[in-house]
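Source file: model25.cif. Holds: mmCIF, C-alpha atoms and all ligand atoms.
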```
data_entry
loop_
_atom_site.label_atom_id
_atom_site.label_comp_id
_atom_site.auth_asym_id
_atom_site.auth_seq_id
_atom_site.Cartn_x
_atom_site.Cartn_y
_atom_site.Cartn_z
CA MET A 22 -20.52 5.65 -16.69
CA THR A 23 -17.32 4.15 -18.05
CA HIS A 24 -13.95 4.46 -16.35
CA ASP A 25 -10.54 3.40 -17.48
CA VAL A 26 -10.05 1.56 -14.18
CA VAL A 27 -12.21 0.44 -11.24
CA ILE A 28 -10.33 -0.35 -8.04
CA VAL A 29 -12.09 -2.60 -5.51
CA GLY A 30 -11.10 -1.77 -1.92
CA GLY A 31 -9.99 1.42 -0.24
CA GLY A 32 -7.16 0.13 1.91
CA LEU A 33 -3.67 1.55 1.47
CA VAL A 34 -2.97 -0.75 -1.49
CA GLY A 35 -6.15 0.25 -3.33
CA CYS A 36 -5.82 3.97 -2.54
CA LEU A 37 -2.17 4.26 -3.58
CA SER A 38 -2.89 2.23 -6.73
CA ALA A 39 -5.81 4.51 -7.62
CA TRP A 40 -3.65 7.57 -7.07
CA ALA A 41 -0.75 6.16 -9.11
CA LEU A 42 -3.12 5.38 -11.99
CA ALA A 43 -4.85 8.76 -11.84
CA LYS A 44 -1.44 10.43 -12.09
CA THR A 45 -0.89 8.64 -15.41
CA GLY A 46 -4.04 10.32 -16.73
CA ALA A 47 -6.43 7.38 -16.27
CA SER A 48 -9.99 7.97 -15.11
CA VAL A 49 -10.30 5.92 -11.92
CA ALA A 50 -13.17 4.90 -9.66
CA LEU A 51 -12.45 3.40 -6.26
CA ILE A 52 -15.14 1.39 -4.46
CA GLU A 53 -14.86 0.97 -0.70
CA ARG A 54 -17.50 -0.90 1.25
CA THR A 55 -17.04 0.72 4.69
CA ALA A 56 -14.64 3.65 4.94
CA ILE A 57 -11.23 4.43 3.49
CA GLY A 58 -8.73 2.39 5.50
CA ALA A 59 -11.42 0.47 7.39
CA GLY A 60 -9.69 -2.87 6.83
CA ALA A 61 -6.20 -3.94 7.83
CA SER A 62 -4.58 -0.68 6.80
CA SER A 63 -5.72 1.46 9.71
CA ALA A 64 -5.16 -1.44 12.14
CA ALA A 65 -1.46 -1.58 11.31
CA ALA A 66 1.37 -0.34 13.50
CA GLY A 67 3.06 1.27 10.51
CA ILE A 68 6.43 -0.43 10.88
CA LEU A 69 8.47 -0.25 7.67
CA GLY A 70 10.27 -3.42 8.65
CA ALA A 71 11.94 -4.32 5.39
CA GLN A 72 14.91 -5.80 7.21
CA VAL A 73 13.56 -7.13 10.51
CA GLU A 74 10.71 -9.16 9.01
CA PRO A 75 12.30 -11.36 6.31
CA HIS A 76 14.39 -14.24 7.57
CA ALA A 77 15.83 -15.12 4.18
CA ASP A 78 16.57 -13.53 0.85
CA SER A 79 13.56 -13.80 -1.47
CA PRO A 80 11.71 -11.74 -4.09
CA ALA A 81 9.28 -10.61 -1.37
CA ALA A 82 12.16 -9.48 0.86
CA ARG A 83 13.66 -7.50 -2.01
CA LEU A 84 10.24 -6.03 -2.77
CA GLY A 85 10.12 -4.74 0.82
CA LEU A 86 13.54 -3.10 0.56
CA ALA A 87 12.58 -1.44 -2.72
CA SER A 88 9.29 -0.20 -1.29
CA ARG A 89 10.87 1.20 1.88
CA ALA A 90 13.09 3.34 -0.34
CA LEU A 91 9.99 4.93 -1.90
CA TYR A 92 8.63 6.27 1.39
CA PRO A 93 10.51 9.58 1.72
CA ALA A 94 9.39 10.78 -1.72
CA LEU A 95 5.83 9.56 -1.10
CA VAL A 96 5.54 11.46 2.16
CA ASP A 97 7.08 14.61 0.62
CA GLU A 98 4.66 14.49 -2.28
CA LEU A 99 1.68 14.03 0.04
CA ARG A 100 2.78 16.92 2.25
CA GLU A 101 3.18 19.24 -0.72
CA LEU A 102 -0.15 18.24 -2.18
CA THR A 103 -2.33 18.02 0.93
CA GLY A 104 -0.51 20.00 3.62
CA LEU A 105 -0.70 16.96 5.91
CA PRO A 106 2.66 16.04 7.48
CA VAL A 107 2.61 12.25 7.45
CA PRO A 108 4.93 10.98 10.20
CA LEU A 109 7.95 9.16 8.80
CA THR A 110 10.79 8.41 11.18
CA TRP A 111 13.73 6.03 11.16
CA PRO A 112 13.97 4.70 14.70
CA GLY A 113 15.31 1.37 13.41
CA THR A 114 14.09 -2.05 14.39
CA MET A 115 15.74 -4.61 16.59
CA ARG A 116 15.24 -8.33 17.11
CA ALA A 117 16.15 -9.06 20.72
CA TRP A 118 16.59 -12.37 22.53
CA ALA A 119 14.67 -12.31 25.78
CA THR A 120 16.26 -15.10 27.75
CA ASP A 121 18.26 -15.33 30.97
CA ASP A 122 20.88 -17.48 29.32
CA GLU A 123 23.42 -15.13 27.78
CA GLN A 124 25.25 -17.96 26.03
CA THR A 125 22.10 -19.21 24.27
CA ALA A 126 21.05 -15.68 23.36
CA SER A 127 24.47 -14.86 21.91
CA THR A 128 24.61 -18.09 19.91
CA GLU A 129 21.12 -17.55 18.47
CA ALA A 130 21.81 -13.89 17.68
CA LEU A 131 25.08 -14.82 15.97
CA ARG A 132 23.36 -17.52 13.91
CA ALA A 133 20.66 -15.06 12.83
CA TYR A 134 23.28 -12.42 12.03
CA GLU A 135 25.17 -14.87 9.82
CA SER A 136 21.95 -15.73 7.95
CA LEU A 137 21.54 -12.03 7.12
CA ALA A 138 24.67 -11.81 4.96
CA TRP A 139 22.38 -11.21 1.96
CA GLN A 140 21.24 -7.91 3.51
CA ARG A 141 24.79 -6.78 4.28
CA ASP A 142 25.95 -7.80 0.80
CA ALA A 143 23.20 -5.63 -0.66
CA GLY A 144 24.53 -2.68 1.35
CA HIS A 145 21.96 -2.60 4.17
CA ARG A 146 23.07 -2.04 7.74
CA VAL A 147 22.74 -4.94 10.20
CA GLU A 148 24.38 -4.80 13.65
CA LEU A 149 25.02 -7.64 16.07
CA LEU A 150 24.73 -6.37 19.66
CA ASP A 151 26.03 -8.24 22.68
CA TRP A 152 24.51 -7.51 26.09
CA ARG A 153 26.79 -4.54 26.77
CA ALA A 154 26.16 -2.87 23.40
CA LEU A 155 22.45 -3.62 23.65
CA THR A 156 22.03 -2.11 27.10
CA GLU A 157 24.01 0.97 26.12
CA ARG A 158 21.64 1.54 23.25
CA GLU A 159 18.41 0.42 24.92
CA PRO A 160 18.79 0.50 28.73
CA ALA A 161 15.14 -0.58 29.18
CA LEU A 162 16.09 -4.03 27.86
CA ARG A 163 18.89 -4.60 30.40
CA HIS A 164 16.99 -7.09 32.57
CA SER A 165 15.01 -8.85 29.84
CA CYS A 166 17.34 -9.37 26.88
CA ARG A 167 20.84 -10.67 26.40
CA ALA A 168 21.61 -10.04 22.71
CA ALA A 169 20.04 -8.41 19.68
CA ILE A 170 20.36 -7.66 16.01
CA ALA A 171 19.64 -4.05 15.03
CA PHE A 172 18.41 -2.78 11.67
CA PRO A 173 18.98 1.00 11.91
CA ASP A 174 17.40 1.77 8.53
CA ASP A 175 13.94 0.34 9.18
CA GLY A 176 11.27 3.01 9.59
CA LEU A 177 7.92 3.92 11.04
CA THR A 178 4.88 5.77 9.77
CA ASP A 179 1.39 6.35 11.12
CA PRO A 180 -1.03 4.53 8.80
CA VAL A 181 -4.07 6.53 9.95
CA VAL A 182 -2.48 9.87 9.06
CA LEU A 183 -1.03 8.39 5.88
CA LEU A 184 -4.47 7.20 4.77
CA ALA A 185 -6.01 10.60 5.55
CA ALA A 186 -3.41 12.27 3.34
CA VAL A 187 -3.86 9.74 0.55
CA GLU A 188 -7.63 10.22 0.71
CA ARG A 189 -7.11 13.96 0.09
CA ALA A 190 -4.67 13.19 -2.72
CA LEU A 191 -7.29 11.00 -4.40
CA VAL A 192 -9.74 13.91 -4.45
CA ALA A 193 -7.06 16.23 -5.87
CA ALA A 194 -6.23 13.70 -8.58
CA GLY A 195 -9.88 13.36 -9.61
CA VAL A 196 -10.42 9.77 -8.46
CA ARG A 197 -14.14 9.09 -7.99
CA THR A 198 -14.51 7.33 -4.66
CA HIS A 199 -17.70 5.40 -3.89
CA VAL A 200 -17.61 4.80 -0.15
CA GLY A 201 -20.36 2.74 1.49
CA HIS A 202 -20.82 0.47 -1.52
CA ALA A 203 -19.63 -3.11 -1.83
CA VAL A 204 -18.65 -4.66 -5.11
CA VAL A 205 -20.61 -7.90 -5.33
CA ARG A 206 -19.31 -9.08 -8.67
CA VAL A 207 -16.59 -8.51 -11.20
CA ASP A 208 -18.30 -8.53 -14.59
CA ALA A 209 -16.61 -10.16 -17.56
CA GLU A 210 -17.54 -10.92 -21.13
CA ALA A 211 -15.70 -13.25 -23.47
CA GLY A 212 -12.90 -13.69 -20.94
CA ARG A 213 -12.33 -9.99 -20.48
CA ALA A 214 -13.22 -7.72 -17.51
CA ARG A 215 -15.97 -5.23 -18.28
CA GLY A 216 -16.54 -3.59 -14.88
CA VAL A 217 -18.22 -4.36 -11.57
CA THR A 218 -21.69 -4.60 -10.06
CA LEU A 219 -22.34 -2.93 -6.71
CA ASP A 220 -24.60 -4.11 -3.88
CA ASP A 221 -27.34 -1.64 -4.91
CA GLY A 222 -27.41 -3.18 -8.38
CA THR A 223 -25.48 -0.35 -10.08
CA SER A 224 -23.09 -1.44 -12.81
CA LEU A 225 -19.87 0.45 -13.34
CA SER A 226 -18.16 -0.32 -16.60
CA ALA A 227 -14.42 -0.08 -16.90
CA ASP A 228 -11.63 -1.17 -19.20
CA HIS A 229 -9.71 -2.60 -16.25
CA VAL A 230 -10.66 -3.89 -12.79
CA VAL A 231 -8.11 -4.17 -9.99
CA SER A 232 -9.03 -6.15 -6.89
CA CYS A 233 -7.38 -4.66 -3.82
CA ALA A 234 -9.95 -6.08 -1.40
CA GLY A 235 -7.42 -7.30 1.16
CA ALA A 236 -8.55 -10.28 3.25
CA TRP A 237 -11.88 -10.29 1.36
CA THR A 238 -10.32 -10.69 -2.11
CA SER A 239 -11.31 -14.35 -2.54
CA LEU A 240 -14.94 -13.63 -1.61
CA LEU A 241 -15.48 -11.50 -4.73
CA GLU A 242 -17.68 -13.22 -7.28
CA GLY A 243 -15.97 -13.27 -10.64
CA ILE A 244 -12.40 -13.81 -9.39
CA PRO A 245 -11.34 -17.06 -11.11
CA GLU A 246 -10.80 -20.07 -8.85
CA THR A 247 -7.29 -20.50 -10.19
CA VAL A 248 -6.29 -17.20 -8.55
CA ARG A 249 -4.41 -17.90 -5.31
CA ARG A 250 -6.72 -17.85 -2.33
CA ILE A 251 -6.42 -15.06 0.22
CA ARG A 252 -7.52 -15.67 3.80
CA PRO A 253 -7.74 -13.42 6.88
CA ILE A 254 -5.22 -13.66 9.72
CA ARG A 255 -6.37 -11.69 12.74
CA GLY A 256 -3.97 -9.42 14.60
CA GLN A 257 -4.85 -7.90 17.97
CA MET A 258 -3.11 -4.73 19.08
CA ILE A 259 -2.82 -2.59 22.20
CA GLU A 260 -1.91 1.08 22.53
CA LEU A 261 -0.41 2.40 25.77
CA GLU A 262 1.02 5.77 26.72
CA LEU A 263 4.36 6.37 28.41
CA SER A 264 6.45 9.47 28.07
CA PRO A 265 9.35 9.42 27.48
CA PRO A 266 9.06 6.13 25.57
CA PRO A 267 11.04 3.30 27.16
CA THR A 268 12.96 2.45 23.98
CA ARG A 269 14.15 4.41 20.95
CA SER A 270 13.99 1.47 18.53
CA ILE A 271 11.05 -0.70 17.55
CA VAL A 272 11.79 -3.91 19.44
CA PHE A 273 10.75 -7.41 18.34
CA GLY A 274 11.19 -10.33 20.74
CA ALA A 275 9.52 -12.75 23.13
CA GLY A 276 6.82 -13.36 20.47
CA GLY A 277 5.70 -9.74 20.18
CA TYR A 278 6.82 -6.23 19.39
CA VAL A 279 6.86 -2.78 20.97
CA VAL A 280 6.60 0.36 18.84
CA PRO A 281 7.43 3.70 20.48
CA ARG A 282 5.88 6.73 18.78
CA ASP A 283 7.37 10.19 19.22
CA ASP A 284 4.24 11.51 20.97
CA GLY A 285 4.39 8.98 23.82
CA ARG A 286 2.01 6.40 22.34
CA ILE A 287 3.36 2.86 22.47
CA VAL A 288 1.86 0.23 20.19
CA LEU A 289 2.11 -3.42 21.24
CA GLY A 290 1.59 -6.24 18.76
CA SER A 291 0.34 -8.67 17.88
CA THR A 292 -1.48 -11.98 17.60
CA LEU A 293 -1.45 -14.12 14.43
CA GLU A 294 -4.78 -15.96 14.39
CA ASP A 295 -6.07 -18.07 11.49
CA ILE A 296 -9.71 -18.08 12.60
CA GLY A 297 -11.72 -16.65 9.71
CA PHE A 298 -13.48 -13.29 9.47
CA HIS A 299 -13.60 -12.46 13.20
CA ASP A 300 -12.22 -8.98 13.75
CA ARG A 301 -12.94 -8.36 17.42
CA THR A 302 -10.44 -8.39 20.25
CA THR A 303 -10.51 -11.17 22.83
CA ALA A 304 -9.44 -11.35 26.47
CA GLU A 305 -6.99 -14.14 25.69
CA GLY A 306 -5.50 -12.33 22.69
CA LEU A 307 -4.96 -9.05 24.50
CA HIS A 308 -3.61 -10.83 27.56
CA GLY A 309 -1.01 -12.51 25.36
CA VAL A 310 -0.01 -9.29 23.60
CA LEU A 311 0.35 -7.42 26.91
CA SER A 312 2.26 -10.13 28.74
CA ARG A 313 4.73 -10.65 25.88
CA ALA A 314 5.37 -6.89 25.68
CA LEU A 315 5.91 -6.65 29.44
CA ALA A 316 8.35 -9.57 29.30
CA LEU A 317 10.29 -7.71 26.61
CA VAL A 318 10.15 -4.18 28.06
CA PRO A 319 9.34 -4.43 31.79
CA GLU A 320 9.16 -0.61 32.16
CA LEU A 321 5.87 -0.72 30.29
CA LYS A 322 4.20 -1.73 33.55
CA LEU A 323 4.13 2.03 34.31
CA ALA A 324 2.35 2.93 31.08
CA SER A 325 -1.30 3.92 30.94
CA TRP A 326 -3.89 2.19 28.82
CA ARG A 327 -5.25 3.92 25.69
CA ARG A 328 -7.07 1.38 23.53
CA ALA A 329 -7.09 -2.03 21.83
CA TRP A 330 -8.23 -3.17 18.40
CA ALA A 331 -7.97 -5.96 15.87
CA GLY A 332 -7.55 -6.20 12.11
CA LEU A 333 -7.50 -8.88 9.42
CA ARG A 334 -4.28 -9.31 7.48
CA PRO A 335 -4.68 -10.64 3.93
CA ALA A 336 -2.62 -13.82 3.57
CA SER A 337 -1.95 -16.20 0.67
CA ALA A 338 -1.10 -19.84 1.40
CA ASP A 339 2.66 -19.12 1.45
CA TYR A 340 2.28 -15.53 2.78
CA VAL A 341 3.76 -14.09 -0.42
CA PRO A 342 1.89 -11.11 -1.93
CA VAL A 343 -0.29 -11.68 -4.99
CA ILE A 344 0.24 -8.98 -7.62
CA GLY A 345 -0.48 -9.32 -11.31
CA PRO A 346 -2.83 -10.49 -14.06
CA THR A 347 -5.55 -13.12 -13.73
CA PRO A 348 -6.84 -15.53 -16.39
CA ILE A 349 -9.51 -12.89 -17.09
CA GLU A 350 -8.00 -10.29 -19.36
CA ARG A 351 -7.76 -6.84 -17.73
CA LEU A 352 -8.68 -8.16 -14.28
CA TRP A 353 -5.73 -7.63 -11.94
CA VAL A 354 -5.14 -8.55 -8.30
CA ALA A 355 -3.01 -6.76 -5.71
CA SER A 356 -3.51 -8.42 -2.35
CA GLY A 357 -2.05 -10.88 0.16
CA HIS A 358 0.42 -8.45 1.67
CA PHE A 359 -0.01 -10.13 5.09
CA ARG A 360 2.21 -8.44 7.73
CA GLY A 361 3.83 -6.00 5.31
CA GLY A 362 1.14 -4.16 3.39
CA ILE A 363 1.99 -0.72 4.72
CA LEU A 364 5.62 -1.27 3.79
CA LEU A 365 4.74 -2.79 0.41
CA ALA A 366 1.91 -0.49 -0.71
CA PRO A 367 4.05 2.12 -2.55
CA ILE A 368 5.81 -0.38 -4.79
CA THR A 369 2.62 -2.39 -5.27
CA ALA A 370 0.83 0.76 -6.45
CA ALA A 371 3.64 1.48 -8.92
CA ALA A 372 3.38 -2.11 -10.16
CA VAL A 373 -0.40 -1.90 -10.57
CA ALA A 374 -0.11 1.34 -12.54
CA ALA A 375 2.53 -0.22 -14.81
CA LEU A 376 0.51 -3.41 -15.38
CA VAL A 377 -2.66 -1.52 -16.27
CA ARG A 378 -0.83 0.99 -18.46
CA GLY A 379 1.25 -1.72 -20.14
CA THR A 380 4.61 -0.28 -19.13
CA ASP A 381 7.54 -2.01 -17.40
CA PRO A 382 6.80 -2.76 -13.72
CA PRO A 383 9.28 -1.29 -11.21
CA PHE A 384 10.16 -4.79 -10.06
CA PRO A 385 10.06 -8.34 -11.53
CA LEU A 386 6.61 -9.64 -10.66
CA ALA A 387 6.87 -13.33 -11.67
CA ALA A 388 7.18 -14.48 -8.05
CA PHE A 389 3.93 -12.74 -7.14
CA SER A 390 1.78 -14.08 -9.97
CA PRO A 391 -1.89 -14.55 -8.95
CA CYS A 392 -1.90 -18.00 -10.54
CA GLY A 393 1.29 -19.18 -8.89
CA PRO A 394 4.93 -18.98 -9.93
C1 LIG B 401 -2.74 -5.79 13.60
C2 LIG B 401 -2.01 -5.52 12.34
C3 LIG B 401 -0.76 -4.90 12.38
C4 LIG B 401 -0.07 -4.66 11.19
N1 LIG B 401 1.12 -3.98 11.23
C5 LIG B 401 1.78 -3.72 10.07
C6 LIG B 401 2.96 -2.96 10.08
O1 LIG B 401 3.41 -2.50 11.14
N2 LIG B 401 3.61 -2.74 8.90
C7 LIG B 401 3.12 -3.22 7.71
O2 LIG B 401 3.76 -2.99 6.67
N3 LIG B 401 1.98 -3.92 7.67
C8 LIG B 401 1.29 -4.18 8.82
N4 LIG B 401 0.13 -4.88 8.79
C9 LIG B 401 -0.32 -5.43 7.52
C10 LIG B 401 -1.05 -4.38 6.69
O3 LIG B 401 -1.95 -3.69 7.51
C11 LIG B 401 -1.80 -5.05 5.54
O4 LIG B 401 -0.96 -5.91 4.82
C12 LIG B 401 -2.29 -3.97 4.58
O5 LIG B 401 -2.98 -2.98 5.29
C13 LIG B 401 -3.20 -4.57 3.52
O6 LIG B 401 -3.73 -3.48 2.80
P1 LIG B 401 -4.87 -3.71 1.75
O7 LIG B 401 -5.20 -2.40 1.17
O8 LIG B 401 -4.50 -4.84 0.84
O9 LIG B 401 -6.08 -4.30 2.62
P2 LIG B 401 -7.10 -3.56 3.58
O10 LIG B 401 -6.50 -2.43 4.28
O11 LIG B 401 -7.74 -4.62 4.40
O12 LIG B 401 -8.15 -2.94 2.56
C14 LIG B 401 -9.08 -3.72 1.85
C15 LIG B 401 -10.34 -2.88 1.73
O13 LIG B 401 -11.23 -3.50 0.84
C16 LIG B 401 -12.55 -3.25 1.29
N5 LIG B 401 -13.39 -4.27 0.67
C17 LIG B 401 -13.37 -5.60 0.86
N6 LIG B 401 -14.28 -6.20 0.08
C18 LIG B 401 -14.89 -5.22 -0.62
C19 LIG B 401 -15.94 -5.22 -1.60
N7 LIG B 401 -16.53 -6.36 -2.01
N8 LIG B 401 -16.34 -4.04 -2.12
C20 LIG B 401 -15.76 -2.86 -1.73
N9 LIG B 401 -14.77 -2.82 -0.78
C21 LIG B 401 -14.35 -3.98 -0.25
C22 LIG B 401 -12.45 -3.39 2.80
O14 LIG B 401 -13.51 -2.72 3.46
C23 LIG B 401 -11.08 -2.76 3.07
O15 LIG B 401 -11.17 -1.39 3.40
C24 LIG B 401 -0.62 -5.09 9.96
C25 LIG B 401 -1.87 -5.69 9.93
C26 LIG B 401 -2.57 -5.89 11.11
C27 LIG B 401 -3.94 -6.50 11.05
#
```
Rewrite the coordinates I just gave you, this time as structure tokens.
Amino acid sequence: MTHDVVIVGGGLVGCLSAWALAKTGASVALIERTAIGAGASSAAAGILGAQVEPHADSPAARLGLASRALYPALVDELRELTGLPVPLTWPGTMRAWATDDEQTASTEALRAYESLAWQRDAGHRVELLDWRALTEREPALRHSCRAAIAFPDDGLTDPVVLLAAVERALVAAGVRTHVGHAVVRVDAEAGRARGVTLDDGTSLSADHVVSCAGAWTSLLEGIPETVRRIRPIRGQMIELELSPPPTRSIVFGAGGYVVPRDDGRIVLGSTLEDIGFHDRTTAEGLHGVLSRALALVPELKLASWRRAWAGLRPASADYVPVIGPTPIERLWVASGHFRGGILLAPITAAAVAALVRGTDPPFPLAAFSPCGP
């Protein structure tokens, strides 16, 4: 069977890309080895941290801001189409300085605030909070932190619910999903992609192939060696329960972060481990995540335990996403979204649809070229 497009990988990037393409009228097949969202996407906290994550102005930082702006319409469309209300809230993020020395904390916060002029110039809210302002806003930080920078427009979604809604949308849009099959090879002829071969030997022919295989992208046979390598970076996570949540904002600091959900679940993250394809939790990793979160928000010592898990973030050498054409005609890559793939998936999907359809991408993509800038 021939499709216009085969998408490899059913994470959020692959699913939203498949949906975006199907909405343009393309016939799309999506191949997912394990289950929709089984990779990094369902391991994510769901922070839409377009402002808290980037430390400097860059194309990737601007990509994040543009993608965050797409979320309200995405969630509305999914709700109308599937009936599933995907959580999307705007609790804001905050980078807090957890130190006893108020002078050092204030100096560091001020320095960071000054380096964020590019966000303020672009019209995004950034607030410098001294200890008094911080403790008024987040009393649970009164004994641990001395200063903070707040980003009131950063958001939060629940990736598991989001993926469930997108999976329904794929069915409604007529995308053929092949779950439980791995792509072993991208097939090409005379320098042009022709389709893929699956692990049971089946060949699927297609006019275009898009690799959205996350941390596993570079393992796919047929991806040219000149395409930037993607490697896995493990992140271990903990979920607790405490109602009411100790903070309103998502708080970053002391080497970790604390994400309060409206239903009393609190997500604690995360490790950053460059150790290959090992996706299990470890005693040391979870101990680190828990102790950093308790140092940041001491009230969490009263919370009850729910669960822990780990996921593999897809990372390029410089942690910049890889989105665009490869030296093989009609073979495209959308991967390497590292810590921001939930945030970046909507704009990446729009870019993939534009690339494949030959229309103008929603964003300049030169900085994300699979073969380097
Ligand atoms: C612990 C943790 C916390 C995170 N928190 C956040 C956050 O708060 N906010 C945020 O924006 N980002 C966050 N991220 C990052 C985000 O999860 C990733 O950047 C994003 O999910 C990547 O999506 P993806 O679709 O590219 O990859 P994945 O979700 O990994 O999907 C790739 C899919 O491809 C499939 N696959 C691989 N090889 C093949 C093959 N040969 N054939 C068929 N299928 C194949 C895999 O099974 C997998 O399902 C977090 C990541 C982790 C690990």
At a cut-off of 12 Å around the point (15.4, -14.9, -1.1) (file coordinates), what residues fall inside when counting all atoms listed in the file? I'd like the answer as a PyMOL selection string.
chain A and resi 75-85+136-140+341+388
Return the single residue from A:Ser337, A:Tyr278, A:Gly345, A:Glu74 that is closest to Phe384 (chain A), with distances computed using all atoms listed in the file.
A:Gly345
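For the residues A:Arg378, A:Arg250, A:His202, A:Arg328, ranking by smallest atom-to-atom distance to ligand LIG 401 (chain B) using only C-alpha atoms and all ligand atoms places A:His202 first.
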Considering all atoms listed in the file, state which residue in the set A:Pro112, A:Leu241, A:Val34, A:Trp326 is at the smallest distance from Gly361 (chain A).
A:Val34
For region 223-229 of chain A, find every residue with an atom within 8 Å (counting only C-alpha atoms), except residues of its own chain fewer than 5 positions away, and show them as a compact mmCIF listing (two decimals) with C-alpha atoms, keeping the file's coordinate frame.
```
# COMPACT_ATOMS: atom_id res chain seq x y z
CA MET A 22 -20.52 5.65 -16.69
CA THR A 23 -17.32 4.15 -18.05
CA HIS A 24 -13.95 4.46 -16.35
CA ASP A 25 -10.54 3.40 -17.48
CA VAL A 26 -10.05 1.56 -14.18
CA VAL A 27 -12.21 0.44 -11.24
CA ALA A 214 -13.22 -7.72 -17.51
CA ARG A 215 -15.97 -5.23 -18.28
CA GLY A 216 -16.54 -3.59 -14.88
CA VAL A 217 -18.22 -4.36 -11.57
CA THR A 218 -21.69 -4.60 -10.06
CA ARG A 351 -7.76 -6.84 -17.73
CA LEU A 352 -8.68 -8.16 -14.28
CA TRP A 353 -5.73 -7.63 -11.94
CA VAL A 377 -2.66 -1.52 -16.27
```
Specify the axis-aligned box that encloses all atoms of ligand LIG 401 (chain B) listed in the file after padding of 4 Å on each side, stating its centre and edge lengths in Å to one decimal as JSON.
```
{"center_x": -6.4, "center_y": -3.9, "center_z": 5.7, "size_x": 28.3, "size_y": 13.1, "size_z": 23.7}
```
Please work out which residues fall within 9 Å of (-18.1, -2.9, 0.2), coordinates as given in the file, with all atoms listed in the file counting, and return them as a ChimeraX atom specification.
/A:29-30,52-56,200-205,219-220,234
Excluding same-chain residues fewer than 5 positions from Ser165 (chain A), what lies within 8 Å of it counting all atoms listed in the file, as a ChimeraX atom specification?
/A:119-121,316-319
Closest contacts (region 259-356 of chain A/region 364-371 of chain A, max 10 Å, all atoms listed in the file) as a Markdown table:
```
| residue | atom | partner | partner_atom | distance |
| --- | --- | --- | --- | --- |
| A:Pro342 | CA | A:Leu365 | CA | 9.1 |
| A:Val343 | CA | A:Thr369 | CA | 9.7 |
| A:Ile344 | CA | A:Thr369 | CA | 7.4 |
| A:Gly345 | CA | A:Thr369 | CA | 9.7 |
| A:Ala355 | CA | A:Thr369 | CA | 7.1 |
| A:Ser356 | CA | A:Thr369 | CA | 9.1 |
```
Separation of CA of Cys392 (chain A) from CA of Lys44 (chain A), in Å and rounded to one decimal
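Interatomic distance, CA of Cys392 (chain A) to CA of Lys44 (chain A): 28.5 Å.
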Just give me the gap between atom C12 of ligand LIG 401 (chain B) and CA of Arg100 (chain A) in Å, one decimal is fine.
21.6 Å
Surrounding residues of Leu311 (chain A) excluding itself and chain neighbours under 4 positions, 8 Å, only C-alpha atoms, as a list of chain:residue names:
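Counting only the stated atoms, we get A:Ile259, A:Leu289, A:Leu307, A:Leu315.
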From the set A:Asp208, A:Glu294, A:Asp300, A:Asp175, which residue has the shortest atom-to-atom contact distance to Ala61 (chain A), counting all atoms listed in the file?
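Smallest distance to Ala61 (chain A) is found for A:Asp300.
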